[in-house]
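Undergrad: What follows is final.txt; its format and atoms are compact mmCIF, C-alpha atoms.
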# COMPACT_ATOMS: atom_id res chain seq x y z
CA MET A 1226 -9.85 4.66 24.66
CA ILE A 1227 -7.19 7.34 24.10
CA ALA A 1228 -7.25 8.83 20.57
CA TYR A 1229 -5.39 12.15 20.93
CA LEU A 1230 -3.00 13.77 23.37
CA LYS A 1231 -1.67 17.29 23.82
CA GLY A 1232 1.09 17.94 26.29
CA THR A 1233 4.74 18.66 26.91
CA VAL A 1234 7.42 16.35 25.55
CA GLN A 1235 9.22 15.10 28.65
CA THR A 1236 11.53 12.51 27.08
CA ILE A 1237 12.45 11.54 23.51
CA ALA A 1238 13.98 8.30 22.24
CA LEU A 1239 13.96 6.94 18.69
CA ASP A 1240 11.11 4.52 19.38
CA HIS A 1241 9.22 6.13 22.28
CA GLY A 1242 8.76 9.20 24.41
CA ILE A 1243 6.75 10.58 27.31
CA ILE A 1244 4.12 13.28 26.87
CA VAL A 1245 2.96 15.03 30.05
CA THR A 1246 -0.52 16.57 29.88
CA THR A 1247 -1.61 19.73 31.71
CA ASP A 1248 -3.06 17.64 34.53
CA GLY A 1249 0.41 16.21 35.21
CA VAL A 1250 -0.15 12.71 33.84
CA GLY A 1251 2.69 11.30 31.72
CA TYR A 1252 1.90 8.94 28.84
CA LEU A 1253 4.47 6.60 27.30
CA ILE A 1254 3.98 6.81 23.54
CA HIS A 1255 5.58 4.38 21.09
CA TRP A 1256 6.57 6.12 17.86
CA ASN A 1257 9.05 5.83 15.01
CA SER A 1258 12.19 7.82 14.33
CA LYS A 1259 10.38 10.18 11.92
CA THR A 1260 7.91 11.13 14.65
CA ALA A 1261 10.71 11.46 17.21
CA ALA A 1262 12.58 13.83 14.88
CA SER A 1263 9.54 16.12 14.69
CA PHE A 1264 9.61 16.86 18.44
CA SER A 1265 12.03 18.54 20.83
CA LEU A 1266 12.23 18.40 24.62
CA ASN A 1267 9.80 20.64 26.53
CA GLN A 1268 7.87 21.37 23.32
CA THR A 1269 4.08 21.34 23.41
CA ALA A 1270 3.09 18.45 21.16
CA GLU A 1271 -0.15 17.26 19.66
CA ILE A 1272 -0.20 13.59 18.76
CA TYR A 1273 -2.78 11.22 17.31
CA ILE A 1274 -2.98 7.93 19.16
CA HIS A 1275 -3.79 4.33 18.40
CA HIS A 1276 -4.57 2.66 21.73
CA HIS A 1277 -3.63 -0.99 21.23
CA ILE A 1278 -5.01 -3.35 23.83
CA SER A 1279 -3.98 -7.00 23.97
CA GLU A 1280 -4.11 -9.74 26.61
CA THR A 1281 -0.72 -8.72 27.97
CA ALA A 1282 -0.45 -4.98 27.28
CA SER A 1283 -2.16 -1.64 26.75
CA ASP A 1284 0.14 0.41 24.49
CA LEU A 1285 -0.14 3.85 22.89
CA TYR A 1286 1.25 4.37 19.38
CA GLY A 1287 1.63 8.00 18.31
CA PHE A 1288 1.58 9.86 14.98
CA VAL A 1289 1.93 13.52 14.05
CA ASN A 1290 -0.79 13.32 11.40
CA LEU A 1291 -3.96 11.39 10.62
CA PRO A 1292 -2.75 9.77 7.36
CA GLY A 1293 0.13 8.16 9.28
CA LEU A 1294 -2.29 6.90 11.93
CA GLU A 1295 -4.68 5.54 9.28
CA LEU A 1296 -1.85 3.76 7.46
CA PHE A 1297 -0.76 2.17 10.74
CA ARG A 1298 -4.30 0.97 11.46
CA HIS A 1299 -4.62 -0.50 7.97
CA LEU A 1300 -1.26 -2.28 8.31
CA ILE A 1301 -2.05 -3.92 11.67
CA GLY A 1302 -5.26 -5.23 10.13
CA ILE A 1303 -3.18 -7.38 7.78
CA SER A 1304 -2.35 -10.90 8.89
CA GLY A 1305 1.27 -11.21 9.99
CA ILE A 1306 1.83 -7.50 10.69
CA GLY A 1307 1.82 -6.49 14.35
CA PRO A 1308 2.02 -2.99 15.83
CA LYS A 1309 5.82 -2.93 16.12
CA THR A 1310 6.36 -4.01 12.51
CA ALA A 1311 3.69 -1.56 11.32
CA MET A 1312 5.33 1.26 13.28
CA THR A 1313 8.73 0.40 11.77
CA ILE A 1314 7.23 0.40 8.26
CA CYS A 1315 5.58 3.78 8.90
CA GLY A 1316 8.99 5.12 9.96
CA VAL A 1317 10.64 4.10 6.69
CA VAL A 1318 8.00 4.93 4.07
CA ASP A 1319 5.47 7.68 3.60
CA VAL A 1320 1.79 7.02 3.09
CA SER A 1321 2.40 8.07 -0.52
CA ASP A 1322 4.88 5.21 -1.04
CA ILE A 1323 2.29 2.64 0.06
CA ILE A 1324 -0.32 4.33 -2.14
CA THR A 1325 2.05 4.07 -5.10
CA ALA A 1326 2.51 0.33 -4.58
CA VAL A 1327 -1.24 -0.21 -4.18
CA VAL A 1328 -2.41 2.00 -7.06
CA ASN A 1329 0.16 0.53 -9.44
CA ASN A 1330 -0.39 -3.02 -8.13
CA GLU A 1331 3.37 -3.30 -7.53
CA PRO A 1332 4.25 -5.23 -4.36
CA ALA A 1333 7.89 -5.08 -5.47
CA LEU A 1334 7.90 -1.37 -4.52
CA LEU A 1335 7.65 -2.53 -0.90
CA LYS A 1336 10.70 -4.77 -1.16
CA GLY A 1337 13.31 -4.05 1.48
CA LEU A 1338 10.91 -2.74 4.12
CA PRO A 1339 11.66 -4.07 7.63
CA GLY A 1340 9.65 -7.21 8.32
CA VAL A 1341 8.13 -7.29 4.82
CA GLY A 1342 8.87 -10.28 2.64
CA PRO A 1343 7.39 -10.92 -0.83
CA LYS A 1344 4.20 -12.56 0.49
CA THR A 1345 3.57 -9.81 3.03
CA ALA A 1346 4.13 -7.17 0.32
CA GLU A 1347 1.52 -8.91 -1.85
CA ARG A 1348 -0.93 -9.01 1.07
CA ILE A 1349 -0.41 -5.29 1.75
CA VAL A 1350 -1.14 -4.40 -1.87
CA LEU A 1351 -4.13 -6.73 -2.09
CA GLU A 1352 -5.75 -5.90 1.25
CA LEU A 1353 -5.20 -2.14 1.09
CA LYS A 1354 -6.44 -1.70 -2.47
CA SER A 1355 -9.94 -0.66 -1.40
CA LYS A 1356 -8.73 1.36 1.61
CA ILE A 1357 -5.60 3.27 0.67
CA LYS A 1358 -6.77 4.41 -2.78
CA THR A 1359 -9.08 6.89 -1.07
CA LEU A 1360 -6.00 8.77 0.22
CA ALA A 1361 -4.87 9.57 -3.33
CA ALA A 1362 -6.36 9.67 -6.77
CA SER A 1363 -7.13 6.17 -8.02
CA ASP A 1364 -5.64 6.95 -11.44
CA PRO A 1365 -2.00 5.74 -11.51
CA SER A 1366 -0.86 8.66 -13.69
CA THR A 1367 -2.29 11.16 -11.19
CA ALA A 1368 -0.73 9.24 -8.31
CA GLU A 1369 2.60 9.35 -10.14
CA GLN A 1370 2.47 13.14 -10.40
CA VAL A 1371 1.50 13.53 -6.75
CA ILE A 1372 3.81 10.91 -5.29
CA GLY A 1373 6.91 11.01 -7.47
CA ILE A 1374 7.66 7.28 -7.68
CA ARG A 1375 6.79 5.72 -11.01
CA LYS A 1376 5.82 2.16 -11.80
CA GLY A 1377 9.01 1.73 -13.83
CA ASP A 1378 11.16 2.55 -10.81
CA VAL A 1379 10.82 -0.97 -9.37
CA ASP A 1380 13.99 -2.10 -11.15
CA VAL A 1381 15.88 1.01 -9.99
CA ILE A 1382 14.81 0.36 -6.39
CA ASP A 1383 15.81 -3.33 -6.64
CA ALA A 1384 19.24 -2.43 -8.01
CA LEU A 1385 19.91 0.10 -5.25
CA ILE A 1386 18.77 -2.29 -2.51
CA SER A 1387 21.14 -4.93 -3.90
CA LEU A 1388 23.93 -2.31 -3.67
CA GLY A 1389 23.20 -1.90 0.05
CA TYR A 1390 21.16 1.32 0.11
CA SER A 1391 18.26 1.48 2.58
CA ARG A 1392 14.66 2.04 1.50
CA GLN A 1393 14.63 5.31 3.41
CA GLU A 1394 17.62 6.64 1.44
CA ILE A 1395 16.11 5.43 -1.84
CA ASN A 1396 12.66 6.88 -1.11
CA THR A 1397 14.13 10.32 -0.42
CA ALA A 1398 16.47 10.33 -3.40
CA ILE A 1399 14.12 8.90 -6.05
CA LYS A 1400 11.82 11.90 -5.73
CA HIS A 1401 14.68 14.01 -7.14
CA LEU A 1402 15.27 11.72 -10.13
CA ASP A 1403 14.72 13.43 -13.50
CA PRO A 1404 11.66 11.76 -15.09
CA ALA A 1405 13.08 12.54 -18.55
CA ILE A 1406 15.78 9.86 -18.07
CA ALA A 1407 14.24 6.75 -19.64
CA ASP A 1408 17.10 4.23 -19.81
CA LEU A 1409 17.32 1.95 -16.75
CA GLY A 1410 21.12 2.11 -16.57
CA GLN A 1411 21.07 5.91 -16.79
CA ARG A 1412 18.37 6.09 -14.11
CA ILE A 1413 20.47 3.95 -11.76
CA LYS A 1414 23.56 6.11 -12.47
CA ALA A 1415 21.56 9.28 -11.81
CA MET A 1416 20.31 7.84 -8.54
CA LEU A 1417 23.83 6.93 -7.48
CA ASN A 1418 24.87 10.54 -8.13
CA ILE A 1419 21.95 11.80 -6.05
CA LEU A 1420 22.81 9.40 -3.22
CA ALA A 1421 26.54 10.27 -3.29
Have the structure of the file written as structure tokens, please.
TA:
Amino acid sequence: MIAYLKGTVQTIALDHGIIVTTDGVGYLIHWNSKTAASFSLNQTAEIYIHHHISETASDLYGFVNLPGLELFRHLIGISGIGPKTAMTICGVVDVSDIITAVVNNEPALLKGLPGVGPKTAERIVLELKSKIKTLAASDPSTAEQVIGIRKGDVDVIDALISLGYSRQEINTAIKHLDPAIADLGQRIKAMLNILA
């Protein structure tokens, strides 16, 4: 079972790449666009691996850090989420975003993720409650300070998704939103200014 690789980045695509180890063996690694963006050609890379073996394939999924790998493993343990969907989710949200949804018991924070409908969002929150909380403080107020997305931001996120913004854009921008703005309409306006 392969768990870690160190080698030279031979090829890079948005969803995969080839890492060549010092013994000359090249490994095809499936990754997401965030991971791809962290590498450059001919760079020496260290990557944590989930070796996924099924009846028809033996695939390697790569992550630049252990929290990302752990999140992926937790996600594929949920009914209805396969490795490709889990990898796509990991490319759109940070571990902290999932922790926020779980700690605050807010499946709506996961709305708009690729391959995640309302029932899947509820399953993620329910099934990861005992697992993900160990990655952050279990107190929602502490998680809010660390993570930057507050429970009350669900309506802001919904409004921006309905306006056509992607979760990735929203997740990046909402961390810059002034917490002193309390009114929902003003929060949405402020977010639109940040996103402009």
Undergrad: Identify which of the residues A:Val1379, A:Leu1420, A:Ala1333, A:Leu1266 lies closest to A:Thr1397, counting all atoms listed in the file when measuring atom-to-atom distances.
TA: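 Closest to A:Thr1397, using all atoms listed in the file: A:Leu1420.
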Undergrad: Atom CA of A:Ile1254 to atom CA of A:Tyr1390: how many Å, to one decimal?
TA: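 These two atoms are separated by 29.6 Å.
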Undergrad: Taking 3 positions as the minimum chain separation for residues in the same chain, which residues sit within 7 Å of A:Ile1419 when counting only C-alpha atoms? Answer as a PyMOL selection string.
TA: chain A and resi 1398+1415-1416
Undergrad: Go ahead and save the residues from that selection, with C-alpha atoms, as a short mmCIF file (atom, residue, chain, number, x, y, z; two decimals), in the coordinates of the input.
TA:
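Okay, this is what ended up in selection.cif:
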data_model
loop_
_atom_site.label_atom_id
_atom_site.label_comp_id
_atom_site.auth_asym_id
_atom_site.auth_seq_id
_atom_site.Cartn_x
_atom_site.Cartn_y
_atom_site.Cartn_z
CA ALA A 1398 16.47 10.33 -3.40
CA ALA A 1415 21.56 9.28 -11.81
CA MET A 1416 20.31 7.84 -8.54
#
Undergrad: Please build the interface table for stretch 1282-1354 of chain A against stretch 1255-1260 of chain A with a cut-off of 7 Å, listing for each qualifying residue the nearest atom pair and the distance in Å to one decimal; count only C-alpha atoms, order rows by chain and increasing number, and write it as a Markdown table.
TA:
| residue | atom | partner | partner_atom | distance |
| --- | --- | --- | --- | --- |
| A:Leu1285 | CA | A:His1255 | CA | 6.0 |
| A:Tyr1286 | CA | A:His1255 | CA | 4.7 |
| A:Gly1287 | CA | A:Trp1256 | CA | 5.3 |
| A:Phe1288 | CA | A:Thr1260 | CA | 6.5 |
| A:Val1289 | CA | A:Thr1260 | CA | 6.5 |
| A:Met1312 | CA | A:Asn1257 | CA | 6.1 |
| A:Thr1313 | CA | A:Asn1257 | CA | 6.3 |
| A:Gly1316 | CA | A:Asn1257 | CA | 5.1 |
Undergrad: Would you mind telling me which residue in A:Thr1233, A:Ser1321, A:Ser1265, A:Gln1411 lies nearest to A:Gly1251 when using only C-alpha atoms?
TA: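 Smallest separation from A:Gly1251 among the options: A:Thr1233.
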Undergrad: Looking at A:Ile1274, A:Leu1291, A:Leu1296, A:Gly1307, which one is nearest to A:Gly1340, with distances taken over only C-alpha atoms?
TA: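 When distances to A:Gly1340 are compared using only C-alpha atoms, the smallest one comes from A:Gly1307.
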Undergrad: So, counting all atoms listed in the file, which residue among A:Leu1335, A:Ile1303, A:Ala1238, A:Ala1228 is closest to A:Ser1391?
TA: A:Leu1335
Undergrad: Atom CA of A:Ala1384 to atom CA of A:Thr1310: how many Å, to one decimal?
TA: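 Straight-line distance from atom CA of A:Ala1384 to atom CA of A:Thr1310 works out to 24.3 Å.
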Undergrad: Show me, as a short mmCIF file (atom, residue, chain, number, x, y, z; two decimals) with C-alpha atoms, keeping the file's coordinate frame, the residues that have an atom within 10 Å of A:His1299 when counting only C-alpha atoms, minus same-chain residues fewer than 3 positions from it.
TA:
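So around-v6.cif came out as:
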data_model
loop_
_atom_site.label_atom_id
_atom_site.label_comp_id
_atom_site.auth_asym_id
_atom_site.auth_seq_id
_atom_site.Cartn_x
_atom_site.Cartn_y
_atom_site.Cartn_z
CA GLY A 1293 0.13 8.16 9.28
CA LEU A 1294 -2.29 6.90 11.93
CA GLU A 1295 -4.68 5.54 9.28
CA LEU A 1296 -1.85 3.76 7.46
CA GLY A 1302 -5.26 -5.23 10.13
CA ILE A 1303 -3.18 -7.38 7.78
CA ILE A 1306 1.83 -7.50 10.69
CA ALA A 1311 3.69 -1.56 11.32
CA ILE A 1349 -0.41 -5.29 1.75
CA GLU A 1352 -5.75 -5.90 1.25
CA LEU A 1353 -5.20 -2.14 1.09
CA LYS A 1356 -8.73 1.36 1.61
CA ILE A 1357 -5.60 3.27 0.67
#
Undergrad: Show which residues sit within 8 Å of A:Val1381, as an NGL selection string. Count all atoms listed in the file, and ignore same-chain residues fewer than 5 positions away.
TA: :A and (1409 or 1412-1413)
Undergrad: Would you mind reading off the distance between atom CA of A:Tyr1273 and atom CA of A:Tyr1229, one decimal, in Å?
TA: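 Atom CA of A:Tyr1229 lies at a distance of 4.6 Å from atom CA of A:Tyr1273.
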Undergrad: To box stretch 1387-1392 of chain A, take all atoms listed in the file, fit an axis-aligned box, add 6 Å on each side, and give centre and edge lengths in Å to one decimal, as lines of an AutoDock Vina configuration file.
TA:
center_x = 19.3
center_y = -1.4
center_z = -0.7
size_x = 21.3
size_y = 19.0
size_z = 18.5
Undergrad: Could you give me, as a PDB file with C-alpha atoms, in the frame of the given file, the residues that sit within 9 Å of (-2.9, 14.3, 23.6) in the file's coordinates, counting only C-alpha atoms?
TA:
ATOM      1  CA  ILE A1227      -7.190   7.340  24.100  1.00  0.00           C
ATOM      2  CA  ALA A1228      -7.250   8.830  20.570  1.00  0.00           C
ATOM      3  CA  TYR A1229      -5.390  12.150  20.930  1.00  0.00           C
ATOM      4  CA  LEU A1230      -3.000  13.770  23.370  1.00  0.00           C
ATOM      5  CA  LYS A1231      -1.670  17.290  23.820  1.00  0.00           C
ATOM      6  CA  GLY A1232       1.090  17.940  26.290  1.00  0.00           C
ATOM      7  CA  ILE A1244       4.120  13.280  26.870  1.00  0.00           C
ATOM      8  CA  VAL A1245       2.960  15.030  30.050  1.00  0.00           C
ATOM      9  CA  THR A1246      -0.520  16.570  29.880  1.00  0.00           C
ATOM     10  CA  TYR A1252       1.900   8.940  28.840  1.00  0.00           C
ATOM     11  CA  ALA A1270       3.090  18.450  21.160  1.00  0.00           C
ATOM     12  CA  GLU A1271      -0.150  17.260  19.660  1.00  0.00           C
ATOM     13  CA  ILE A1272      -0.200  13.590  18.760  1.00  0.00           C
ATOM     14  CA  TYR A1273      -2.780  11.220  17.310  1.00  0.00           C
ATOM     15  CA  ILE A1274      -2.980   7.930  19.160  1.00  0.00           C
TER      16      ILE A1274
END
Undergrad: Write only N, CA and C atoms for stretch 1284-1313 of chain A from the block just shown, as a PDB file, in the first residue's frame.
TA:
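The result, written out as selection04.pdb:
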ATOM      1  N   ASP A1284      -5.953   3.068  -7.860  1.00  0.00           N
ATOM      2  CA  ASP A1284      -5.666   4.482  -8.110  1.00  0.00           C
ATOM      3  C   ASP A1284      -4.996   5.134  -6.914  1.00  0.00           C
ATOM      4  N   LEU A1285      -4.144   6.132  -7.209  1.00  0.00           N
ATOM      5  CA  LEU A1285      -3.482   6.917  -6.173  1.00  0.00           C
ATOM      6  C   LEU A1285      -4.073   8.319  -6.170  1.00  0.00           C
ATOM      7  N   TYR A1286      -4.508   8.772  -4.988  1.00  0.00           N
ATOM      8  CA  TYR A1286      -5.043  10.123  -4.821  1.00  0.00           C
ATOM      9  C   TYR A1286      -4.089  10.888  -3.916  1.00  0.00           C
ATOM     10  N   GLY A1287      -3.631  12.054  -4.381  1.00  0.00           N
ATOM     11  CA  GLY A1287      -2.570  12.771  -3.677  1.00  0.00           C
ATOM     12  C   GLY A1287      -2.992  14.081  -3.040  1.00  0.00           C
ATOM     13  N   PHE A1288      -2.331  14.394  -1.895  1.00  0.00           N
ATOM     14  CA  PHE A1288      -2.626  15.599  -1.118  1.00  0.00           C
ATOM     15  C   PHE A1288      -1.325  16.186  -0.591  1.00  0.00           C
ATOM     16  N   VAL A1289      -1.269  17.514  -0.507  1.00  0.00           N
ATOM     17  CA  VAL A1289      -0.051  18.164  -0.032  1.00  0.00           C
ATOM     18  C   VAL A1289       0.042  18.175   1.487  1.00  0.00           C
ATOM     19  N   ASN A1290      -1.056  17.883   2.184  1.00  0.00           N
ATOM     20  CA  ASN A1290      -0.983  17.848   3.643  1.00  0.00           C
ATOM     21  C   ASN A1290      -1.884  16.749   4.205  1.00  0.00           C
ATOM     22  N   LEU A1291      -1.620  16.390   5.451  1.00  0.00           N
ATOM     23  CA  LEU A1291      -2.369  15.309   6.084  1.00  0.00           C
ATOM     24  C   LEU A1291      -3.825  15.656   6.370  1.00  0.00           C
ATOM     25  N   PRO A1292      -4.167  16.901   6.779  1.00  0.00           N
ATOM     26  CA  PRO A1292      -5.592  17.199   6.974  1.00  0.00           C
ATOM     27  C   PRO A1292      -6.424  16.990   5.717  1.00  0.00           C
ATOM     28  N   GLY A1293      -5.873  17.374   4.551  1.00  0.00           N
ATOM     29  CA  GLY A1293      -6.586  17.150   3.287  1.00  0.00           C
ATOM     30  C   GLY A1293      -6.794  15.670   3.019  1.00  0.00           C
ATOM     31  N   LEU A1294      -5.767  14.866   3.279  1.00  0.00           N
ATOM     32  CA  LEU A1294      -5.868  13.421   3.105  1.00  0.00           C
ATOM     33  C   LEU A1294      -6.909  12.831   4.053  1.00  0.00           C
ATOM     34  N   GLU A1295      -6.892  13.267   5.320  1.00  0.00           N
ATOM     35  CA  GLU A1295      -7.852  12.754   6.297  1.00  0.00           C
ATOM     36  C   GLU A1295      -9.280  13.122   5.924  1.00  0.00           C
ATOM     37  N   LEU A1296      -9.486  14.368   5.460  1.00  0.00           N
ATOM     38  CA  LEU A1296     -10.820  14.777   5.030  1.00  0.00           C
ATOM     39  C   LEU A1296     -11.299  13.887   3.892  1.00  0.00           C
ATOM     40  N   PHE A1297     -10.440  13.650   2.909  1.00  0.00           N
ATOM     41  CA  PHE A1297     -10.767  12.786   1.777  1.00  0.00           C
ATOM     42  C   PHE A1297     -11.189  11.400   2.260  1.00  0.00           C
ATOM     43  N   ARG A1298     -10.418  10.826   3.175  1.00  0.00           N
ATOM     44  CA  ARG A1298     -10.727   9.487   3.683  1.00  0.00           C
ATOM     45  C   ARG A1298     -12.061   9.467   4.421  1.00  0.00           C
ATOM     46  N   HIS A1299     -12.338  10.525   5.177  1.00  0.00           N
ATOM     47  CA  HIS A1299     -13.627  10.596   5.868  1.00  0.00           C
ATOM     48  C   HIS A1299     -14.767  10.699   4.852  1.00  0.00           C
ATOM     49  N   LEU A1300     -14.568  11.496   3.809  1.00  0.00           N
ATOM     50  CA  LEU A1300     -15.629  11.697   2.816  1.00  0.00           C
ATOM     51  C   LEU A1300     -15.948  10.411   2.062  1.00  0.00           C
ATOM     52  N   ILE A1301     -14.922   9.652   1.662  1.00  0.00           N
ATOM     53  CA  ILE A1301     -15.211   8.427   0.898  1.00  0.00           C
ATOM     54  C   ILE A1301     -15.825   7.341   1.779  1.00  0.00           C
ATOM     55  N   GLY A1302     -15.789   7.537   3.075  1.00  0.00           N
ATOM     56  CA  GLY A1302     -16.444   6.604   3.982  1.00  0.00           C
ATOM     57  C   GLY A1302     -17.936   6.846   4.110  1.00  0.00           C
ATOM     58  N   ILE A1303     -18.415   7.915   3.468  1.00  0.00           N
ATOM     59  CA  ILE A1303     -19.832   8.270   3.532  1.00  0.00           C
ATOM     60  C   ILE A1303     -20.544   7.681   2.321  1.00  0.00           C
ATOM     61  N   SER A1304     -21.664   7.049   2.565  1.00  0.00           N
ATOM     62  CA  SER A1304     -22.442   6.428   1.499  1.00  0.00           C
ATOM     63  C   SER A1304     -22.793   7.457   0.420  1.00  0.00           C
ATOM     64  N   GLY A1305     -22.534   7.101  -0.819  1.00  0.00           N
ATOM     65  CA  GLY A1305     -22.879   7.977  -1.940  1.00  0.00           C
ATOM     66  C   GLY A1305     -21.757   8.896  -2.385  1.00  0.00           C
ATOM     67  N   ILE A1306     -20.626   8.907  -1.660  1.00  0.00           N
ATOM     68  CA  ILE A1306     -19.496   9.751  -2.058  1.00  0.00           C
ATOM     69  C   ILE A1306     -18.327   8.854  -2.445  1.00  0.00           C
ATOM     70  N   GLY A1307     -17.968   8.880  -3.720  1.00  0.00           N
ATOM     71  CA  GLY A1307     -16.837   8.105  -4.209  1.00  0.00           C
ATOM     72  C   GLY A1307     -15.581   8.955  -4.228  1.00  0.00           C
ATOM     73  N   PRO A1308     -14.451   8.354  -4.603  1.00  0.00           N
ATOM     74  CA  PRO A1308     -13.183   9.082  -4.600  1.00  0.00           C
ATOM     75  C   PRO A1308     -13.166  10.323  -5.492  1.00  0.00           C
ATOM     76  N   LYS A1309     -13.777  10.243  -6.668  1.00  0.00           N
ATOM     77  CA  LYS A1309     -13.738  11.400  -7.570  1.00  0.00           C
ATOM     78  C   LYS A1309     -14.549  12.566  -7.012  1.00  0.00           C
ATOM     79  N   THR A1310     -15.727  12.270  -6.461  1.00  0.00           N
ATOM     80  CA  THR A1310     -16.536  13.330  -5.854  1.00  0.00           C
ATOM     81  C   THR A1310     -15.819  13.902  -4.645  1.00  0.00           C
ATOM     82  N   ALA A1311     -15.246  13.031  -3.812  1.00  0.00           N
ATOM     83  CA  ALA A1311     -14.518  13.498  -2.622  1.00  0.00           C
ATOM     84  C   ALA A1311     -13.346  14.384  -3.017  1.00  0.00           C
ATOM     85  N   MET A1312     -12.630  14.006  -4.066  1.00  0.00           N
ATOM     86  CA  MET A1312     -11.492  14.798  -4.521  1.00  0.00           C
ATOM     87  C   MET A1312     -11.953  16.167  -5.025  1.00  0.00           C
ATOM     88  N   THR A1313     -13.079  16.187  -5.739  1.00  0.00           N
ATOM     89  CA  THR A1313     -13.631  17.455  -6.228  1.00  0.00           C
ATOM     90  C   THR A1313     -14.024  18.352  -5.054  1.00  0.00           C
TER      91      THR A1313
END
